[in-house]
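J.: Quick one: structure below, then a few questions.
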Amino acid sequence: MKLYDGGRAPNPRRVRIFFAEKGLELPELVPVDIGRKEHLTPEFARINPMKRLPVLLLDDGTALAETIAICRYLEGLHPEPSLFGRDPMEQALTEMWNRRVELGLFSSVSAVFRHSHPSMAELEDQVPEWAEASREQIDDYLLILDLQLAGNRFVCGDRLTVADITAGIAIDFMKPSRVPLSEDLVNIRRWHGELSARPSWKA
Ligand SMILES: N[C@@H](CCC(=O)N[C@@H](CS)C(=O)NCC(=O)O)C(=O)O
């Protein structure tokens, strides 16, 4: 197994954190430098035609891309500790929150980064108006997350799930995207402080 990795980029980090939370050793890492456009080469496109990272290459040659697909594969192989929920109710709640966060907060922060950060100028046809429209949506998503965390230690209750990894990385990604995190979001700040202190967060 090999993990085609993108360093500090958020999606590769989600997968490395997932490995760590599972207590699994990382497989051989193949560093792919996004800044140097190594993911846009024909060789990499043969592994992932979407030309995105991360990719988990299995020993039989199957290339698994899409962060959540990779995490689900690992969960299937190593069910404990469960990060996708232990029973149908937990699984549904985890899916619900992961999708809410991924389609809402995470994709809005990514859009701000992709469409406004100078480092993305060569990789994206940047539309500044799209960055601004996405920036304006972030506060609403943050309020929903803060409300959920007001009554829960983690996003889906008292256990960490993949939804925490998605949400925590979205919050981390706000910094390079130059989106401030309001001091008023005390529940997000408490939870994010706890996440950042976990050994997995260094991954
Ligand atoms: N939907 C994919 C998104 C993967 C993705 O966008 N990865 C970024 C790094 S975080 C990337 O490869 N960016 C390269 C580019 O934008 O050209 C997933 O969930 O893994």
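Here, A, B, ... name the chains of the structure tokens in the order displayed, residue numbers run from 1 inside each chain, and ligands are numbered from 1 in the same displayed order.
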Show me, as a ChimeraX atom specification, the residues that have an atom within 12 Å of A:Tyr141 when counting only C-alpha atoms, minus same-chain residues fewer than 6 positions from it.

T.: /A:97,100-109,134-135,147-148,167,170-171,181,185,188

J.: Can you pull out every residue within 10 Å of stretch 113-130 of chain A, counting only C-alpha atoms, but drop anything in the same chain fewer than 2 positions away, and send it as a PDB file with C-alpha atoms, in the first residue's frame?

T.:
```
ATOM      1  CA  ILE A  34       1.141  20.401  -5.538  1.00  0.00           C
ATOM      2  CA  GLY A  35       3.011  23.729  -5.765  1.00  0.00           C
ATOM      3  CA  LYS A  37       2.294  20.711 -10.176  1.00  0.00           C
ATOM      4  CA  LEU A  40      -0.726  17.328 -13.069  1.00  0.00           C
ATOM      5  CA  SER A 107     -16.058  23.544   0.572  1.00  0.00           C
ATOM      6  CA  SER A 108     -16.653  27.251   1.303  1.00  0.00           C
ATOM      7  CA  VAL A 109     -13.270  27.627   3.011  1.00  0.00           C
ATOM      8  CA  SER A 110     -11.661  25.702   0.116  1.00  0.00           C
ATOM      9  CA  ALA A 111     -13.374  28.005  -2.394  1.00  0.00           C
ATOM     10  CA  GLU A 132     -16.130  36.627  -1.630  1.00  0.00           C
ATOM     11  CA  ALA A 133     -19.511  34.885  -1.999  1.00  0.00           C
ATOM     12  CA  SER A 134     -18.068  31.775  -0.334  1.00  0.00           C
ATOM     13  CA  ARG A 135     -16.491  33.854   2.446  1.00  0.00           C
ATOM     14  CA  GLU A 136     -19.905  35.326   3.211  1.00  0.00           C
ATOM     15  CA  PHE A 173      -7.729  25.659   6.705  1.00  0.00           C
ATOM     16  CA  MET A 174      -9.348  28.998   7.586  1.00  0.00           C
ATOM     17  CA  LYS A 175      -5.929  30.343   8.591  1.00  0.00           C
ATOM     18  CA  PRO A 176      -4.151  30.074   5.202  1.00  0.00           C
ATOM     19  CA  SER A 177      -7.464  31.102   3.588  1.00  0.00           C
ATOM     20  CA  ARG A 178      -7.301  34.286   5.685  1.00  0.00           C
ATOM     21  CA  VAL A 179     -10.725  33.768   7.231  1.00  0.00           C
TER      22      VAL A 179
END
```

J.: At a cut-off of 6 Å and counting only C-alpha atoms and all ligand atoms, what residues surround ligand 1? Please answer as number ranges by chain.

T.: A: 9-11, 34, 52-54, 66-67, 123

J.: Please return, as a VMD selection string, all residues of stretch 9-202 of chain A that DSSP assigns to strand (DSSP E or B) on the basis of the backbone.

T.: chain A and resid 28 to 31 55 to 57 63 to 65 154 157

J.: Just C-alpha atoms for this one: save the residues we selected as a PDB file, in the first residue's frame.

T.:
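Saved as part_23.pdb:
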```
ATOM      1  CA  GLU A  28       4.809   4.213   2.424  1.00  0.00           C
ATOM      2  CA  LEU A  29       4.260   7.887   1.583  1.00  0.00           C
ATOM      3  CA  VAL A  30       4.815   9.145  -1.945  1.00  0.00           C
ATOM      4  CA  PRO A  31       5.159  12.921  -1.616  1.00  0.00           C
ATOM      5  CA  VAL A  55      -4.656   8.610  -3.358  1.00  0.00           C
ATOM      6  CA  LEU A  56      -4.250   5.289  -1.611  1.00  0.00           C
ATOM      7  CA  LEU A  57      -2.682   2.776  -3.988  1.00  0.00           C
ATOM      8  CA  ALA A  63      -6.135   3.423  -6.800  1.00  0.00           C
ATOM      9  CA  LEU A  64      -8.536   4.760  -4.189  1.00  0.00           C
ATOM     10  CA  ALA A  65      -9.084   8.494  -4.344  1.00  0.00           C
ATOM     11  CA  PHE A 154     -17.532  16.170  19.714  1.00  0.00           C
ATOM     12  CA  GLY A 157     -21.744  13.342  20.632  1.00  0.00           C
TER      13      GLY A 157
END
```

J.: Would you mind telling me which residue in A:Asp5, A:Asp60, A:Glu43, A:Glu95 lies nearest to A:Val162 when using only C-alpha atoms?

T.: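 With only C-alpha atoms as the atom set, the closest residue is A:Glu95.
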
J.: Write down as number ranges by chain the residues of stretch 13-158 of chain A whose backbone DSSP state falls under alpha helix (DSSP H).

T.: A: 13-22, 42-47, 67-77, 88-101, 107-116, 128-150

J.: Do you know which residues are at most 10 Å from A:Glu80 counting only C-alpha atoms, after dropping those on the same chain fewer than 6 positions away, and could you put them as a PyMOL selection string?

T.: chain A and resi 21-23+86

J.: Using only N, CA and C atoms, please write the residues we just selected to a file, as a PDB file, in the first residue's frame.

T.:
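Contents of again22.pdb, freshly written:
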```
ATOM      1  N   GLU A  21      -5.755   8.209  14.157  1.00  0.00           N
ATOM      2  CA  GLU A  21      -6.851   7.956  15.107  1.00  0.00           C
ATOM      3  C   GLU A  21      -7.208   6.472  15.150  1.00  0.00           C
ATOM      4  N   LYS A  22      -6.955   5.765  14.068  1.00  0.00           N
ATOM      5  CA  LYS A  22      -7.190   4.316  14.036  1.00  0.00           C
ATOM      6  C   LYS A  22      -6.059   3.558  14.728  1.00  0.00           C
ATOM      7  N   GLY A  23      -4.974   4.284  15.042  1.00  0.00           N
ATOM      8  CA  GLY A  23      -3.815   3.610  15.633  1.00  0.00           C
ATOM      9  C   GLY A  23      -3.049   2.817  14.593  1.00  0.00           C
ATOM     10  N   ARG A  86     -20.981   3.291  15.396  1.00  0.00           N
ATOM     11  CA  ARG A  86     -20.996   1.871  15.779  1.00  0.00           C
ATOM     12  C   ARG A  86     -22.309   1.188  15.465  1.00  0.00           C
TER      13      ARG A  86
END
```

J.: State, in Å with one decimal place, the distance from atom CA of A:Ala163 to atom CA of A:Asn98.

T.: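 Calculated distance between atom CA of A:Ala163 and atom CA of A:Asn98 is 4.3 Å.
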
J.: Go through A:Leu24, A:Ala69, A:Ile17, A:Leu3 and flag the residue nearest A:Ile47, using only C-alpha atoms for the distances.

T.: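 Of the candidates, the smallest distance to A:Ile47 is held by A:Leu3.
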
J.: Go through A:Asn187, A:Ala45, A:Leu58, A:Ile165 one by one, measure the shortest atom-to-atom distance of each to A:Ile144 using only C-alpha atoms, and give the residue with the smallest value.

T.: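 Among the listed residues, A:Asn187 lies closest to A:Ile144.
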
J.: May I ask for the distance between atom CA of A:Lys51 and atom CA of A:Arg16, given in Å to one decimal place?

T.: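 A separation of 18.9 Å between them.
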